[in-house]
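Printed here is protein_30.tsv (TSV, C-alpha atoms):
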```tsv
chain	number	residue	atom	x	y	z
A	1	PHE	CA	-12.85	37.70	27.76
A	2	ALA	CA	-12.01	40.14	30.53
A	3	ILE	CA	-8.94	42.34	30.94
A	4	GLY	CA	-7.94	42.92	34.55
A	5	GLU	CA	-6.23	46.25	33.89
A	6	PHE	CA	-5.97	48.49	30.86
A	7	LYS	CA	-2.18	48.26	30.98
A	8	PHE	CA	-2.50	44.69	29.67
A	9	LEU	CA	-4.34	45.93	26.58
A	10	ARG	CA	-1.21	47.46	25.06
A	11	ARG	CA	0.70	44.18	25.00
A	12	LEU	CA	-2.39	42.21	24.01
A	13	LEU	CA	-2.91	44.34	20.90
A	14	LEU	CA	0.59	45.35	19.83
A	15	VAL	CA	2.28	42.01	20.49
A	16	HIS	CA	-0.13	39.07	20.66
A	17	GLY	CA	-2.67	40.63	18.33
A	18	ARG	CA	-0.07	41.23	15.65
A	19	TRP	CA	1.58	37.83	16.08
A	20	ASN	CA	-1.76	36.09	15.79
A	21	TYR	CA	-2.75	38.04	12.68
A	22	VAL	CA	0.53	37.26	10.89
A	23	ARG	CA	0.47	33.58	11.82
A	24	GLN	CA	-3.17	32.93	10.98
A	25	SER	CA	-2.92	34.83	7.70
A	26	LYS	CA	-0.06	32.65	6.55
A	27	VAL	CA	-1.80	29.48	7.74
A	28	PHE	CA	-4.84	30.38	5.64
A	29	LEU	CA	-2.78	31.36	2.58
A	30	TYR	CA	-0.60	28.25	2.78
A	31	SER	CA	-3.61	25.95	3.19
A	32	MET	CA	-5.21	27.49	0.12
A	33	HIS	CA	-1.92	27.30	-1.76
A	34	LYS	CA	-1.12	23.63	-1.14
A	35	ASN	CA	-4.59	22.41	-2.09
A	36	MET	CA	-4.54	24.51	-5.23
A	37	VAL	CA	-1.17	23.05	-6.22
A	38	LEU	CA	-2.45	19.50	-5.72
A	39	THR	CA	-5.58	20.19	-7.76
A	40	MET	CA	-3.59	21.77	-10.58
A	41	THR	CA	-1.33	18.71	-10.87
A	42	LEU	CA	-4.48	16.68	-11.59
A	43	PHE	CA	-5.65	19.31	-14.07
A	44	TRP	CA	-2.40	19.23	-16.05
A	45	PHE	CA	-2.26	15.43	-15.92
A	46	SER	CA	-5.68	15.24	-17.56
A	47	PHE	CA	-4.15	16.51	-20.82
A	48	PHE	CA	-1.95	13.40	-20.90
A	49	THR	CA	-4.99	11.15	-20.49
A	50	ALA	CA	-7.34	12.72	-23.06
A	51	VAL	CA	-9.24	14.47	-20.23
A	52	SER	CA	-10.48	11.08	-19.05
A	53	GLY	CA	-10.45	11.95	-15.35
A	54	CYS	CA	-7.76	9.36	-14.61
A	55	SER	CA	-5.71	10.19	-11.51
A	56	PRO	CA	-2.03	9.32	-11.05
A	57	TYR	CA	-2.57	9.09	-7.29
A	58	GLU	CA	-4.06	6.15	-5.45
A	59	SER	CA	-7.05	7.34	-3.42
A	60	TRP	CA	-5.40	6.74	-0.03
A	61	VAL	CA	-2.22	8.50	-1.14
A	62	TYR	CA	-4.32	11.42	-2.34
A	63	SER	CA	-6.32	11.53	0.91
A	64	ALA	CA	-3.14	11.50	3.03
A	65	PHE	CA	-1.86	14.71	1.44
A	66	ASN	CA	-3.36	17.12	3.98
A	67	PHE	CA	-2.71	14.75	6.87
A	68	ILE	CA	1.02	14.58	6.08
A	69	LEU	CA	1.37	18.34	5.62
A	70	GLY	CA	-0.88	19.30	8.54
A	71	LEU	CA	1.45	19.19	11.53
A	72	PRO	CA	4.19	21.65	10.42
A	73	ILE	CA	1.74	24.42	9.53
A	74	ILE	CA	-0.20	23.86	12.78
A	75	PHE	CA	2.93	24.42	14.87
A	76	PHE	CA	3.83	27.40	12.72
A	77	GLY	CA	0.40	28.88	13.42
A	78	ILE	CA	0.94	28.45	17.16
A	79	LEU	CA	4.59	29.28	17.76
A	80	ASP	CA	6.05	31.49	15.04
A	81	ARG	CA	6.96	35.12	15.82
A	82	ASP	CA	8.22	37.39	13.09
A	83	LEU	CA	9.18	40.25	15.44
A	84	SER	CA	10.15	40.27	19.09
A	85	ALA	CA	7.74	41.53	21.74
A	86	ASP	CA	10.13	44.31	22.77
A	87	PHE	CA	10.35	45.62	19.23
A	88	CYS	CA	6.56	45.62	18.76
A	89	LEU	CA	6.13	47.54	22.02
A	90	SER	CA	8.86	50.07	21.23
A	91	LEU	CA	7.51	50.69	17.72
A	92	PRO	CA	3.69	50.60	17.79
A	93	GLN	CA	3.54	51.24	14.04
A	94	THR	CA	4.06	47.50	13.58
A	95	TYR	CA	0.42	47.03	14.59
A	96	SER	CA	-0.58	48.56	11.25
A	97	THR	CA	0.19	45.18	9.65
A	98	GLY	CA	-3.08	43.82	10.96
A	99	ARG	CA	-5.01	47.09	11.03
A	100	THR	CA	-4.47	47.66	7.31
A	101	ASN	CA	-4.86	43.95	6.47
A	102	VAL	CA	-1.52	43.76	4.68
A	103	LEU	CA	-1.34	39.97	4.44
A	104	LEU	CA	-4.94	39.13	3.56
A	105	ASN	CA	-5.81	41.75	0.99
A	106	ILE	CA	-6.71	40.93	-2.60
A	107	GLY	CA	-3.21	41.60	-3.88
A	108	SER	CA	-1.61	39.24	-1.38
A	109	ILE	CA	-4.10	36.47	-2.11
A	110	LEU	CA	-3.54	36.85	-5.86
A	111	GLN	CA	0.22	36.59	-5.30
A	112	TRP	CA	-0.23	33.30	-3.47
A	113	ILE	CA	-2.55	32.03	-6.21
A	114	GLY	CA	0.08	32.94	-8.81
A	115	ASN	CA	2.72	31.20	-6.74
A	116	ALA	CA	0.55	28.07	-6.57
A	117	MET	CA	0.17	28.14	-10.35
A	118	MET	CA	3.94	28.38	-10.72
A	119	TYR	CA	4.47	25.47	-8.33
A	120	ALA	CA	2.01	23.34	-10.29
A	121	VAL	CA	3.64	24.23	-13.61
A	122	VAL	CA	7.11	23.40	-12.29
A	123	VAL	CA	6.01	20.11	-10.74
A	124	CYS	CA	4.00	19.08	-13.79
A	125	LEU	CA	6.53	20.15	-16.41
A	126	MET	CA	9.36	18.43	-14.60
A	127	SER	CA	7.37	15.34	-13.68
A	128	TYR	CA	5.08	14.79	-16.67
A	129	ASN	CA	7.13	16.20	-19.55
A	130	VAL	CA	10.73	15.57	-18.54
A	131	LEU	CA	9.97	12.12	-17.12
A	132	PHE	CA	7.31	11.17	-19.65
A	133	PRO	CA	9.53	8.60	-21.44
A	134	THR	CA	10.36	7.07	-18.07
A	135	PHE	CA	6.67	6.63	-17.29
A	136	TYR	CA	6.44	4.13	-20.14
A	137	PHE	CA	8.45	1.77	-17.93
A	138	LEU	CA	6.60	2.61	-14.71
A	139	ASP	CA	3.02	1.87	-13.81
A	140	LEU	CA	0.57	4.66	-13.07
A	141	TYR	CA	0.64	4.57	-9.28
A	142	THR	CA	4.43	4.31	-9.06
A	143	ALA	CA	4.81	7.39	-11.26
A	144	GLY	CA	2.08	9.17	-9.30
A	145	THR	CA	3.76	8.38	-5.98
A	146	ILE	CA	7.04	9.85	-7.26
A	147	VAL	CA	5.20	13.04	-8.21
A	148	MET	CA	3.43	13.12	-4.83
A	149	ILE	CA	6.70	12.72	-2.91
A	150	GLY	CA	8.25	15.62	-4.81
A	151	LEU	CA	5.14	17.75	-4.28
A	152	VAL	CA	4.92	17.06	-0.53
A	153	ILE	CA	8.59	17.78	0.09
A	154	ALA	CA	8.41	20.97	-1.99
A	155	LEU	CA	5.52	22.20	0.16
A	156	GLN	CA	7.39	21.24	3.33
A	157	PHE	CA	10.28	23.37	2.10
A	158	LYS	CA	7.83	26.22	1.60
A	159	VAL	CA	6.75	26.04	5.24
A	160	MET	CA	10.40	26.07	6.28
A	161	PHE	CA	11.05	29.07	4.04
A	162	PHE	CA	8.58	31.43	5.73
A	163	HIS	CA	9.43	30.43	9.30
A	164	HIS	CA	10.92	33.31	11.28
A	165	GLN	CA	12.10	31.28	14.25
A	166	TRP	CA	12.56	27.63	15.10
A	167	SER	CA	11.73	25.69	18.24
A	168	SER	CA	12.16	22.01	19.01
A	169	TYR	CA	8.43	21.48	18.44
A	170	GLN	CA	8.61	22.91	14.94
A	171	ILE	CA	11.72	20.91	14.05
A	172	HIS	CA	10.19	17.67	15.34
A	173	SER	CA	6.94	18.32	13.48
A	174	MET	CA	8.86	18.75	10.23
A	175	LEU	CA	10.82	15.54	10.80
A	176	PHE	CA	7.68	13.66	11.78
A	177	SER	CA	5.88	14.87	8.67
A	178	PHE	CA	8.79	13.82	6.46
A	179	TYR	CA	9.17	10.29	7.83
A	180	ALA	CA	5.43	9.79	8.29
A	181	MET	CA	4.94	10.20	4.54
A	182	PHE	CA	7.18	7.25	3.68
A	183	LEU	CA	5.82	5.15	6.54
A	184	PHE	CA	2.21	5.87	5.61
A	185	TYR	CA	2.79	4.84	2.00
A	186	MET	CA	4.29	1.59	3.29
A	187	LEU	CA	1.21	0.95	5.42
A	188	ILE	CA	-1.08	1.62	2.46
A	189	ALA	CA	0.96	-0.72	0.27
A	190	ALA	CA	0.60	-3.46	2.87
A	191	SER	CA	-3.14	-3.08	3.44
A	192	VAL	CA	-4.79	-1.80	0.23
A	193	ASP	CA	-5.17	-4.28	-2.61
A	194	ASP	CA	-5.02	-1.69	-5.40
A	195	TYR	CA	-1.77	-0.33	-4.01
A	196	TRP	CA	-0.22	-3.62	-2.96
A	197	ASN	CA	3.61	-3.43	-2.83
A	198	TYR	CA	3.67	-0.17	-4.81
A	199	ALA	CA	5.59	1.70	-2.11
A	200	ILE	CA	8.42	-0.86	-2.19
A	201	MET	CA	8.63	-0.62	-5.97
A	202	THR	CA	8.65	3.18	-5.78
A	203	TYR	CA	11.38	3.29	-3.16
A	204	ASN	CA	13.49	0.89	-5.22
A	205	GLU	CA	13.46	3.29	-8.16
A	206	PRO	CA	16.56	5.56	-8.11
A	207	ILE	CA	14.56	8.28	-9.84
A	208	THR	CA	12.37	8.56	-6.73
A	209	TRP	CA	15.25	9.85	-4.65
A	210	LEU	CA	16.93	11.90	-7.38
A	211	TRP	CA	13.77	13.52	-8.69
A	212	GLY	CA	11.20	13.42	-5.92
A	213	LEU	CA	13.54	14.10	-3.02
A	214	PHE	CA	15.88	16.70	-4.51
A	215	THR	CA	15.28	18.03	-8.02
A	216	VAL	CA	11.59	18.96	-7.87
A	217	PRO	CA	11.56	20.37	-4.29
A	218	PHE	CA	14.69	22.49	-4.73
A	219	THR	CA	13.50	23.81	-8.09
A	220	ALA	CA	10.10	24.71	-6.65
A	221	VAL	CA	11.50	26.44	-3.58
A	222	PHE	CA	13.87	28.41	-5.83
A	223	ILE	CA	10.75	30.25	-7.05
A	224	ASP	CA	10.09	31.46	-3.50
A	225	TRP	CA	13.74	32.29	-2.92
A	226	PHE	CA	14.00	34.32	-6.12
A	227	ALA	CA	10.69	36.14	-5.57
A	228	TYR	CA	11.49	36.97	-1.93
A	229	PHE	CA	14.97	38.35	-2.48
A	230	SER	CA	13.95	40.23	-5.62
A	231	ARG	CA	11.34	42.03	-3.57
A	232	TYR	CA	13.67	42.34	-0.59
A	233	PHE	CA	16.27	44.28	-2.57
A	234	LEU	CA	14.00	46.10	-5.03
A	235	PHE	CA	10.57	46.62	-3.44
A	236	PRO	CA	10.77	45.74	0.28
A	237	THR	CA	7.55	45.53	2.24
A	238	GLN	CA	7.07	47.31	5.54
A	239	GLU	CA	7.39	43.99	7.38
A	240	MET	CA	10.78	43.38	5.77
A	241	ILE	CA	11.87	46.84	6.87
A	242	TYR	CA	10.70	46.17	10.43
A	243	ARG	CA	12.73	42.96	10.59
A	244	GLU	CA	15.81	44.81	9.37
A	245	MET	CA	15.23	47.61	11.86
A	246	GLU	CA	15.10	45.07	14.66
A	247	LYS	CA	18.57	43.84	13.72
A	248	SER	CA	20.05	47.31	13.34
A	249	GLU	CA	21.92	49.46	15.84
A	250	GLU	CA	19.25	52.13	15.48
A	251	TYR	CA	16.72	49.81	17.10
A	252	ASP	CA	19.14	48.98	19.92
A	253	ASP	CA	19.44	52.69	20.72
A	254	LEU	CA	15.71	53.23	20.37
A	255	ASN	CA	14.89	50.28	22.60
A	256	ARG	CA	17.32	51.37	25.30
A	257	LEU	CA	16.04	54.92	25.32
A	258	THR	CA	12.42	53.81	25.31
A	259	CYS	CA	13.15	51.95	28.55
A	260	LEU	CA	14.83	55.04	29.98
A	261	SER	CA	11.83	57.12	28.97
A	262	ALA	CA	9.47	54.74	30.76
A	263	GLN	CA	11.62	55.04	33.89
A	264	GLY	CA	11.72	58.85	33.68
A	265	SER	CA	15.50	58.90	33.26
A	266	TYR	CA	15.58	61.65	30.67
A	267	ARG	CA	13.64	64.81	29.92
A	268	LYS	CA	11.81	64.81	26.64
A	269	PRO	CA	12.74	67.84	24.51
A	270	LYS	CA	10.03	69.88	22.90
A	271	HIS	CA	11.56	69.35	19.47
A	272	PRO	CA	14.13	66.81	18.26
A	273	GLN	CA	16.59	69.57	17.34
A	274	ASP	CA	16.46	71.02	20.88
A	275	SER	CA	18.62	68.23	22.26
A	276	GLN	CA	22.35	67.87	21.74
A	277	ASP	CA	22.18	64.16	22.54
A	278	PRO	CA	21.71	62.17	19.30
A	279	HIS	CA	19.94	59.41	21.22
A	280	GLN	CA	17.40	61.83	22.65
A	281	ARG	CA	16.85	63.31	19.20
A	282	LEU	CA	16.24	59.83	17.84
A	283	ILE	CA	13.61	58.83	20.37
A	284	ALA	CA	11.92	62.23	20.27
A	285	GLN	CA	11.70	62.01	16.51
A	286	ARG	CA	10.20	58.52	16.78
A	287	GLU	CA	7.59	59.74	19.23
A	288	ILE	CA	6.61	62.57	16.89
A	289	GLU	CA	6.28	60.09	14.02
A	290	MET	CA	4.04	57.87	16.15
A	291	THR	CA	1.66	60.75	16.75
```
Just dump the structure as structure tokens.
Amino acid sequence: FAIGEFKFLRRLLLVHGRWNYVRQSKVFLYSMHKNMVLTMTLFWFSFFTAVSGCSPYESWVYSAFNFILGLPIIFFGILDRDLSADFCLSLPQTYSTGRTNVLLNIGSILQWIGNAMMYAVVVCLMSYNVLFPTFYFLDLYTAGTIVMIGLVIALQFKVMFFHHQWSSYQIHSMLFSFYAMFLFYMLIAASVDDYWNYAIMTYNEPITWLWGLFTVPFTAVFIDWFAYFSRYFLFPTQEMIYREMEKSEEYDDLNRLTCLSAQGSYRKPKHPQDSQDPHQRLIAQREIEMT
């Protein structure tokens, strides 16, 4: 592509380049995460079936997993912005997120893999162990559909959890994904012989709504909530600090004075301590740190 003037390069790199890196990194990590969770639920289920390879999911229900969860993460990858454009321009250090590959390094990927393992353990322990006596009174596909509903909603909650802003497109995609799941299972039950009428039987089970719609998803997302706020208060990342800076009064002063500096409204002191104005000392100190 061509850049008409070099002045456009600053915004292209510091704003759009960073936004794109953060969004696409999380899209990749989430896509890996959700497929790993689904695979691990099959792995743990195999121990209840003497490692026979039997699946609790009907093949169409299993195939619809990525289709149902696809739309919310697509809109996240297009529209989400973790920091405002003004903040990224006033504090160029934010570009180091992509330059140092903070979100796609080995440590970050291993954290997401560990999180996927925890999700699978929670879903399987709560669905296979806690509900195991109940499964004696339910057929295989009904029990599997209950597990799938809980898994899908838990992963939808995960997408909601790492959103930084919401637009009408993102809200509608989440609602569409939620209702499309139940509608799609109804269509499968009406057209596939092996799954005939299973959706109706599943929806008529009170445990579907108590367990699949509330208990499993909220328990799974509690893992993310606990991990995030533990790190937020104990070991905050640089991105967390940036988001707090954006909300603080210090950023408001810095942003205002950066605009004044661009307009030539104040004289830059040689050293921060040379100025009696605390605002000038602040922006001068920031400029020294940037260099």
Pick the closest to Leu125 (chain A) from A:Thr237, A:Thr97, A:Ser25, A:Thr219: which is it, counting all atoms listed in the file?
-> A:Thr219
A:Met148, A:Leu91, A:Ala116, A:Ala189: which is nearest Gly212 (chain A), counting all atoms listed in the file?
-> A:Met148
Contacts of Phe28 (chain A) within 10 Å, only C-alpha atoms, excl. fewer than 5 positions in-chain, as a PyMOL selection string = chain A and resi 23+33+73+77+104+109
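Computed from the coordinates, the CA of Pro206 (chain A) to CA of Gly53 (chain A) distance equals 28.7 Å.
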Which residues, written as a PyMOL selection string, have at least one atom at most 10 Å from Phe157 (chain A), with all atoms listed in the file counted and residues fewer than 3 positions away on the same chain left out?
-> chain A and resi 151-154+160-162+174+217-218+220-221+224
List as a ChimeraX atom specification: which residues have an atom within 10 Å of (10.1, 11.2, -0.9), counting all atoms listed in the file?
-> /A:145-154,178-179,181-182,202-203,208-214,217
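Residues in contact with Leu14 (chain A) at up to 8 Å, not including ones fewer than 2 positions away on its chain and judged by all atoms listed in the file, are Arg10, Arg11, Leu12, His16, Gly17, Arg18, Cys88, Leu89, Pro92, Thr94 and Tyr95 of chain A.
Of the listed residues A:Ile113, A:Ile241, A:Leu29, A:Ala50, the one whose atoms come nearest to Leu83 (chain A) is A:Ile241, with distances taken using all atoms listed in the file.
The gap separating CA of Leu38 (chain A) from CA of Phe226 (chain A) is 22.1 Å, in Å to one decimal.
Minimum atom-to-atom distance to Thr215 (chain A), evaluated using all atoms listed in the file, belongs to A:Val122 out of A:Ile200, A:Ala180, A:Val122, A:Leu175.
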Near Ala64 (chain A), counting all atoms listed in the file, which residues have an atom at most 10 Å away, once you skip same-chain residues fewer than 6 positions from it, shown as an mmCIF file with C-alpha atoms, keeping the file's coordinate frame?
```cif
data_model
loop_
_atom_site.group_PDB
_atom_site.id
_atom_site.type_symbol
_atom_site.label_atom_id
_atom_site.label_comp_id
_atom_site.auth_asym_id
_atom_site.auth_seq_id
_atom_site.Cartn_x
_atom_site.Cartn_y
_atom_site.Cartn_z
ATOM 1 C CA GLY A 70 -0.880 19.300 8.540
ATOM 2 C CA MET A 181 4.940 10.200 4.540
ATOM 3 C CA PHE A 184 2.210 5.870 5.610
ATOM 4 C CA TYR A 185 2.790 4.840 2.000
#
```
d(CA of Val102 (chain A), CA of Asn35 (chain A)) in Å = 22.6 Å
Residues within 9 Å of (-1.9, 11.8, -13.7), counting all atoms listed in the file, listed as a PDB file with C-alpha atoms, keeping the file's coordinate frame:
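The resulting file, out04.pdb, is shown below:
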```pdb
ATOM      1  CA  THR A  41      -1.330  18.710 -10.870  1.00  0.00           C
ATOM      2  CA  LEU A  42      -4.480  16.680 -11.590  1.00  0.00           C
ATOM      3  CA  PHE A  43      -5.650  19.310 -14.070  1.00  0.00           C
ATOM      4  CA  TRP A  44      -2.400  19.230 -16.050  1.00  0.00           C
ATOM      5  CA  PHE A  45      -2.260  15.430 -15.920  1.00  0.00           C
ATOM      6  CA  SER A  46      -5.680  15.240 -17.560  1.00  0.00           C
ATOM      7  CA  PHE A  47      -4.150  16.510 -20.820  1.00  0.00           C
ATOM      8  CA  PHE A  48      -1.950  13.400 -20.900  1.00  0.00           C
ATOM      9  CA  THR A  49      -4.990  11.150 -20.490  1.00  0.00           C
ATOM     10  CA  GLY A  53     -10.450  11.950 -15.350  1.00  0.00           C
ATOM     11  CA  CYS A  54      -7.760   9.360 -14.610  1.00  0.00           C
ATOM     12  CA  SER A  55      -5.710  10.190 -11.510  1.00  0.00           C
ATOM     13  CA  PRO A  56      -2.030   9.320 -11.050  1.00  0.00           C
ATOM     14  CA  TYR A  57      -2.570   9.090  -7.290  1.00  0.00           C
ATOM     15  CA  TYR A 128       5.080  14.790 -16.670  1.00  0.00           C
ATOM     16  CA  LEU A 140       0.570   4.660 -13.070  1.00  0.00           C
ATOM     17  CA  TYR A 141       0.640   4.570  -9.280  1.00  0.00           C
ATOM     18  CA  ALA A 143       4.810   7.390 -11.260  1.00  0.00           C
ATOM     19  CA  GLY A 144       2.080   9.170  -9.300  1.00  0.00           C
TER      20      GLY A 144
END
```
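If all atoms listed in the file are the atoms counted, then among A:Trp225, A:Phe87, A:Glu205, A:Gly114 the closest residue to Glu244 (chain A) is A:Phe87.
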Please reconstruct the missing atoms of region 183-198 of chain A (target: N, CA and C atoms) and return them as an mmCIF file, keeping the file's coordinate frame.
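Once everything was written out, this is rebuild20.cif:
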```cif
data_model
loop_
_atom_site.group_PDB
_atom_site.id
_atom_site.type_symbol
_atom_site.label_atom_id
_atom_site.label_comp_id
_atom_site.auth_asym_id
_atom_site.auth_seq_id
_atom_site.Cartn_x
_atom_site.Cartn_y
_atom_site.Cartn_z
ATOM 1 N N LEU A 183 6.405 6.228 5.745
ATOM 2 C CA LEU A 183 5.820 5.150 6.540
ATOM 3 C C LEU A 183 4.362 4.922 6.161
ATOM 4 N N PHE A 184 3.622 6.003 5.952
ATOM 5 C CA PHE A 184 2.210 5.870 5.610
ATOM 6 C C PHE A 184 2.026 5.186 4.262
ATOM 7 N N TYR A 185 2.878 5.507 3.304
ATOM 8 C CA TYR A 185 2.790 4.840 2.000
ATOM 9 C C TYR A 185 3.095 3.346 2.134
ATOM 10 N N MET A 186 4.001 3.010 3.044
ATOM 11 C CA MET A 186 4.290 1.590 3.290
ATOM 12 C C MET A 186 3.074 0.884 3.878
ATOM 13 N N LEU A 187 2.396 1.544 4.804
ATOM 14 C CA LEU A 187 1.210 0.950 5.420
ATOM 15 C C LEU A 187 0.094 0.765 4.393
ATOM 16 N N ILE A 188 -0.065 1.749 3.513
ATOM 17 C CA ILE A 188 -1.080 1.620 2.460
ATOM 18 C C ILE A 188 -0.742 0.456 1.539
ATOM 19 N N ALA A 189 0.538 0.347 1.182
ATOM 20 C CA ALA A 189 0.960 -0.720 0.270
ATOM 21 C C ALA A 189 0.766 -2.098 0.883
ATOM 22 N N ALA A 190 0.765 -2.165 2.211
ATOM 23 C CA ALA A 190 0.600 -3.460 2.870
ATOM 24 C C ALA A 190 -0.846 -3.798 3.178
ATOM 25 N N SER A 191 -1.752 -2.838 3.009
ATOM 26 C CA SER A 191 -3.140 -3.080 3.440
ATOM 27 C C SER A 191 -4.181 -2.832 2.350
ATOM 28 N N VAL A 192 -3.832 -2.120 1.292
ATOM 29 C CA VAL A 192 -4.790 -1.800 0.230
ATOM 30 C C VAL A 192 -4.454 -2.637 -1.000
ATOM 31 N N ASP A 193 -5.422 -3.370 -1.492
ATOM 32 C CA ASP A 193 -5.170 -4.280 -2.610
ATOM 33 C C ASP A 193 -4.718 -3.548 -3.868
ATOM 34 N N ASP A 194 -5.368 -2.418 -4.174
ATOM 35 C CA ASP A 194 -5.020 -1.690 -5.400
ATOM 36 C C ASP A 194 -3.624 -1.090 -5.361
ATOM 37 N N TYR A 195 -3.081 -0.956 -4.163
ATOM 38 C CA TYR A 195 -1.770 -0.330 -4.010
ATOM 39 C C TYR A 195 -0.742 -1.323 -3.459
ATOM 40 N N TRP A 196 -1.042 -2.586 -3.579
ATOM 41 C CA TRP A 196 -0.220 -3.620 -2.960
ATOM 42 C C TRP A 196 1.226 -3.568 -3.485
ATOM 43 N N ASN A 197 2.163 -3.388 -2.555
ATOM 44 C CA ASN A 197 3.610 -3.430 -2.830
ATOM 45 C C ASN A 197 4.096 -2.265 -3.697
ATOM 46 N N TYR A 198 3.242 -1.278 -3.960
ATOM 47 C CA TYR A 198 3.670 -0.170 -4.810
ATOM 48 C C TYR A 198 4.723 0.701 -4.125
#
```
